[in-house]
Amino acid sequence: MGLLDGKRIVITGVLTDASLAFGAAEMALAEGAEILLTGAGRGMRLTQRTARKLGEGIEVVEFDVTEPSHADALRDHLSQSWGHVDGALHAIGFAPQVCLGGSFMEATWSDVQVALEISTYSLKMLADAVAPLMGEGGSIVGLDFDASRAWPGYDWMGVAKAGLESTCRYLARYLGPQGIRVNLVSAGPMKTMAARSIPGFSEFEDAWDGRSPLSWNVTDATGVSRTIVAMLSDWLPATTGSIVHADGGYHAVGA
């Protein structure tokens with residue numbers, strides 16, 4: 001038996017097979033889950049193409065977090081096709097280029113607003129879509145990058161992640177009475193499409209393996225994927241509002 005046998009899981013954020021969400025989707029399938037992917041805008045075609053690498057019949061539904069009606073549309077679709085949802089992975093994030101790479105003071109509110117809407121508020125929007133279908137409880141997991149400190153070049157995305165962490169805690173507070181757990185997995189740096197958009201990302205790569213107590217490979221997301229699947233499973237029934245680190249222990253040690 002797999003950890004997710006019989007579970008129906010919504011997974012956002014699959015763009016390429018290097019996406020952290022792809023690794024989580026692959027492992028969820030291996031652990032017995034039925035999955036549905038979401039995509040948005042110009043990325044829909046890419047998500048659909050990548051879905052075929054996961055197997056035949058993986059459905060992809062549009063879910064653009066900048067369109068308020070999409071939460072209702074996704075919920076309606078899930079209600080008709082599945083009836084209930086057991087879990088969801090939030091792997092959505094974006095910031096205009098001026099919000100990254102050391103130009104923190106040059107970013108305007110209109111730039112920052114985009115980053116916060118897509119990278120932070122979208123967790124609540126995903127909850128709007130799936131929580132009403134989690135009648136017997138469920139698990140919402142989001143991908144995080146430690147927002148307890150200011151990272152070089154991460155800038156307003158770091159602010160957005162800090163907001164994501166707070167949003168997680170409030171969702172845990174308000175959805176807990178329904179038996180819904182909301183947690184984040186804070187991953188170490190991985191070679192993904194999102195990482196390539198961060199100027200100076202190589203600084204993270206260079207530092208991480210040398211400092212983390214456990215070895216760290218920026219091309220192997222197995223540890224992160226397993227952590228996500230564990231959080232989506234029933235094996236942590238008393239854990240909510242938490243940030244679980246899958247970063248080789250980097251967050252726990254000093255320079």
# chains A, B, ... in the order shown; residues from 1 in each chain; ligands from 1
>>> closest_atom_pairs(of="segment 117-159 of chain A", to="segment 99-103 of chain A", cutoff="8 Å", atoms="only C-alpha atoms", output="Markdown table")
| residue | atom | partner | partner_atom | distance |
| --- | --- | --- | --- | --- |
| A:Pro152 | CA | A:Gly102 | CA | 7.2 |
| A:Gly153 | CA | A:Gly101 | CA | 3.9 |
| A:Tyr154 | CA | A:Leu100 | CA | 5.5 |
| A:Asp155 | CA | A:Leu100 | CA | 5.4 |
| A:Trp156 | CA | A:Cys99 | CA | 5.2 |
| A:Met157 | CA | A:Cys99 | CA | 7.0 |
>>> residues_around(residues="Met44 of chain A", least_positions_apart="2", cutoff="12 Å", atoms="only C-alpha atoms", output="PyMOL selection string")
chain A and resi 12-16+37-42+46-51+59-64
>>> closest_atom_pairs(of="segment 17-119 of chain A", to="segment 229-238 of chain A", cutoff="7 Å", atoms="only C-alpha atoms", output="tab-separated table")
residue	atom	partner	partner_atom	distance
A:Ala24	CA	A:Val229	CA	6.7
A:Ala28	CA	A:Val229	CA	6.1
A:Gly87	CA	A:Leu232	CA	6.0
>>> closest_residue(among="A:Gly135, A:Pro177, A:Gly57, A:Gly32", to="Gly83 of chain A", atoms="only C-alpha atoms")
A:Gly135
>>> atom_distance(atom1="atom CA of Ala30 of chain A", atom2="atom CA of Val85 of chain A")
18.2 Å
>>> select_by_dssp(residues="segment 26-120 of chain A", states="strand (DSSP E or B)", output="ChimeraX atom specification")
/A:34-39,59-62,87-90
>>> write_last_selection(atoms="all heavy atoms", output="CSV table (one decimal), in the first residue's frame")
chain,number,residue,atom,x,y,z
A,34,GLU,N,-4.5,9.6,-7.1
A,34,GLU,CA,-5.0,10.1,-8.4
A,34,GLU,C,-4.8,11.6,-8.4
A,34,GLU,O,-5.1,12.3,-7.4
A,34,GLU,CB,-6.5,9.8,-8.5
A,34,GLU,CG,-7.1,10.2,-9.8
A,34,GLU,CD,-8.6,9.9,-9.9
A,34,GLU,OE1,-9.1,9.2,-9.0
A,34,GLU,OE2,-9.2,10.3,-10.9
A,35,ILE,N,-4.2,12.2,-9.5
A,35,ILE,CA,-3.8,13.6,-9.5
A,35,ILE,C,-4.5,14.3,-10.6
A,35,ILE,O,-4.9,13.8,-11.6
A,35,ILE,CB,-2.3,13.8,-9.5
A,35,ILE,CG1,-1.7,13.3,-10.9
A,35,ILE,CG2,-1.6,13.1,-8.4
A,35,ILE,CD1,-0.3,13.7,-11.1
A,36,LEU,N,-4.6,15.6,-10.4
A,36,LEU,CA,-5.1,16.5,-11.4
A,36,LEU,C,-4.1,17.7,-11.4
A,36,LEU,O,-3.8,18.2,-10.3
A,36,LEU,CB,-6.5,17.0,-11.1
A,36,LEU,CG,-7.1,18.1,-12.1
A,36,LEU,CD1,-8.6,17.8,-12.3
A,36,LEU,CD2,-6.9,19.5,-11.5
A,37,LEU,N,-3.7,18.2,-12.5
A,37,LEU,CA,-2.7,19.3,-12.6
A,37,LEU,C,-3.5,20.6,-13.0
A,37,LEU,O,-4.5,20.5,-13.7
A,37,LEU,CB,-1.6,19.0,-13.6
A,37,LEU,CG,-0.8,17.8,-13.5
A,37,LEU,CD1,0.3,17.8,-14.5
A,37,LEU,CD2,-0.2,17.6,-12.1
A,38,THR,N,-3.0,21.7,-12.6
A,38,THR,CA,-3.5,23.0,-13.0
A,38,THR,C,-2.4,23.8,-13.7
A,38,THR,O,-1.2,23.6,-13.4
A,38,THR,CB,-4.1,23.8,-11.9
A,38,THR,OG1,-3.0,24.4,-11.1
A,38,THR,CG2,-5.0,23.0,-11.0
A,39,GLY,N,-2.8,24.6,-14.7
A,39,GLY,CA,-1.9,25.5,-15.4
A,39,GLY,C,-2.5,26.8,-15.6
A,39,GLY,O,-3.7,27.0,-15.3
A,59,GLU,N,-5.2,14.8,-16.2
A,59,GLU,CA,-6.0,16.0,-16.6
A,59,GLU,C,-5.3,17.3,-16.2
A,59,GLU,O,-4.7,17.3,-15.1
A,59,GLU,CB,-7.4,15.9,-16.0
A,59,GLU,CG,-8.3,17.0,-16.5
A,59,GLU,CD,-9.7,16.8,-16.0
A,59,GLU,OE1,-10.0,16.1,-15.0
A,59,GLU,OE2,-10.6,17.5,-16.5
A,60,VAL,N,-5.4,18.3,-17.0
A,60,VAL,CA,-4.9,19.6,-16.7
A,60,VAL,C,-6.0,20.6,-16.9
A,60,VAL,O,-6.7,20.7,-17.9
A,60,VAL,CB,-3.7,20.0,-17.7
A,60,VAL,CG1,-3.2,21.4,-17.4
A,60,VAL,CG2,-2.6,19.0,-17.6
A,61,VAL,N,-6.2,21.3,-15.8
A,61,VAL,CA,-7.3,22.3,-15.8
A,61,VAL,C,-6.7,23.7,-15.6
A,61,VAL,O,-5.8,23.9,-14.8
A,61,VAL,CB,-8.3,22.0,-14.6
A,61,VAL,CG1,-9.4,23.1,-14.5
A,61,VAL,CG2,-8.9,20.6,-14.8
A,62,GLU,N,-7.3,24.7,-16.2
A,62,GLU,CA,-6.8,26.1,-16.1
A,62,GLU,C,-7.2,26.6,-14.7
A,62,GLU,O,-8.3,26.5,-14.3
A,62,GLU,CB,-7.4,27.0,-17.2
A,62,GLU,CG,-6.7,28.3,-17.2
A,62,GLU,CD,-7.1,29.2,-18.4
A,62,GLU,OE1,-8.1,28.9,-19.0
A,62,GLU,OE2,-6.4,30.2,-18.7
A,87,GLY,N,-6.3,16.4,-1.0
A,87,GLY,CA,-5.1,17.2,-0.8
A,87,GLY,C,-4.8,18.1,-2.0
A,87,GLY,O,-5.3,17.9,-3.1
A,88,ALA,N,-4.0,19.1,-1.8
A,88,ALA,CA,-3.6,20.0,-2.8
A,88,ALA,C,-2.2,20.6,-2.5
A,88,ALA,O,-1.8,20.8,-1.4
A,88,ALA,CB,-4.5,21.2,-2.9
A,89,LEU,N,-1.4,20.7,-3.6
A,89,LEU,CA,-0.1,21.3,-3.5
A,89,LEU,C,0.0,22.7,-4.2
A,89,LEU,O,-0.4,22.8,-5.4
A,89,LEU,CB,1.0,20.4,-4.2
A,89,LEU,CG,2.4,21.0,-4.3
A,89,LEU,CD1,3.0,21.1,-2.9
A,89,LEU,CD2,3.3,20.1,-5.2
A,90,HIS,N,0.4,23.7,-3.4
A,90,HIS,CA,0.5,25.0,-3.9
A,90,HIS,C,2.0,25.2,-4.3
A,90,HIS,O,2.9,25.2,-3.4
A,90,HIS,CB,0.1,26.0,-2.9
A,90,HIS,CG,0.3,27.5,-3.3
A,90,HIS,ND1,1.5,28.1,-3.2
A,90,HIS,CD2,-0.6,28.4,-3.8
A,90,HIS,CE1,1.4,29.3,-3.6
A,90,HIS,NE2,0.1,29.5,-4.0
>>> closest_residue(among="A:Asp220, A:Asp128, A:Asp206, A:Glu165", to="Phe145 of chain A", atoms="only C-alpha atoms")
A:Glu165
>>> residues_around(residues="Ile92 of chain A", least_positions_apart="4", cutoff="12 Å", atoms="only C-alpha atoms", output="JSON, numbers by chain")
{"A": [11, 12, 13, 14, 15, 19, 20, 21, 38, 39, 40, 43, 63, 64, 65, 66, 88, 115, 116, 117, 118, 119, 120, 121, 122, 123, 124, 125, 126, 141, 142, 143, 144, 157, 160, 161, 164, 194]}
>>> write_last_selection(atoms="C-alpha atoms", output="compact mmCIF listing (two decimals), in the first residue's frame")
# COMPACT_ATOMS: atom_id res chain seq x y z
CA ILE A 11 -1.13 19.77 -7.97
CA THR A 12 -0.31 23.26 -9.22
CA GLY A 13 2.94 24.55 -10.65
CA VAL A 14 4.04 21.77 -13.00
CA LEU A 15 5.79 23.46 -15.92
CA SER A 19 9.74 21.59 -11.46
CA LEU A 20 9.54 20.66 -7.79
CA ALA A 21 5.83 20.12 -8.39
CA THR A 38 -3.48 22.98 -13.05
CA GLY A 39 -1.85 25.46 -15.39
CA ALA A 40 -2.38 29.04 -16.44
CA GLY A 43 2.08 27.97 -19.44
CA PHE A 63 -6.35 27.90 -12.81
CA ASP A 64 -5.13 31.47 -13.21
CA VAL A 65 -4.80 32.97 -9.72
CA THR A 66 -5.13 36.49 -11.10
CA ALA A 88 -3.56 20.04 -2.82
CA ALA A 115 4.39 39.33 -6.71
CA LEU A 116 2.09 39.28 -3.68
CA GLU A 117 -1.03 38.38 -5.64
CA ILE A 118 0.54 35.45 -7.47
CA SER A 119 2.97 34.20 -4.82
CA THR A 120 1.06 34.86 -1.58
CA TYR A 121 -2.67 35.44 -1.94
CA SER A 122 -2.88 32.50 -4.34
CA LEU A 123 -2.57 30.07 -1.39
CA LYS A 124 -5.87 31.39 -0.04
CA MET A 125 -7.35 31.21 -3.53
CA LEU A 126 -6.37 27.55 -3.85
CA VAL A 141 0.78 21.96 1.29
CA GLY A 142 2.67 24.95 -0.11
CA LEU A 143 6.26 25.32 -1.30
CA ASP A 144 8.31 27.84 0.64
CA MET A 157 9.99 37.36 -3.48
CA ALA A 160 6.07 37.40 -0.67
CA LYS A 161 7.26 34.17 0.96
CA LEU A 164 2.92 33.04 2.38
CA ALA A 194 11.83 29.43 -11.13
>>> residues_around(residues="Ile243 of chain A", least_positions_apart="3", cutoff="8 Å", atoms="only C-alpha atoms", output="list in words")
Glu165, Asn183, Leu184, Val185 and Ser186 of chain A
>>> atom_distance(atom1="atom CA of Gly210 of chain A", atom2="atom CA of His245 of chain A")
17.4 Å
>>> closest_residue(among="A:Val218, A:Ala162, A:Leu78, A:Ile180", to="Glu136 of chain A", atoms="only C-alpha atoms")
A:Ile180
>>> atom_distance(atom1="atom CA of Lys7 of chain A", atom2="atom CA of Gly248 of chain A")
28.3 Å
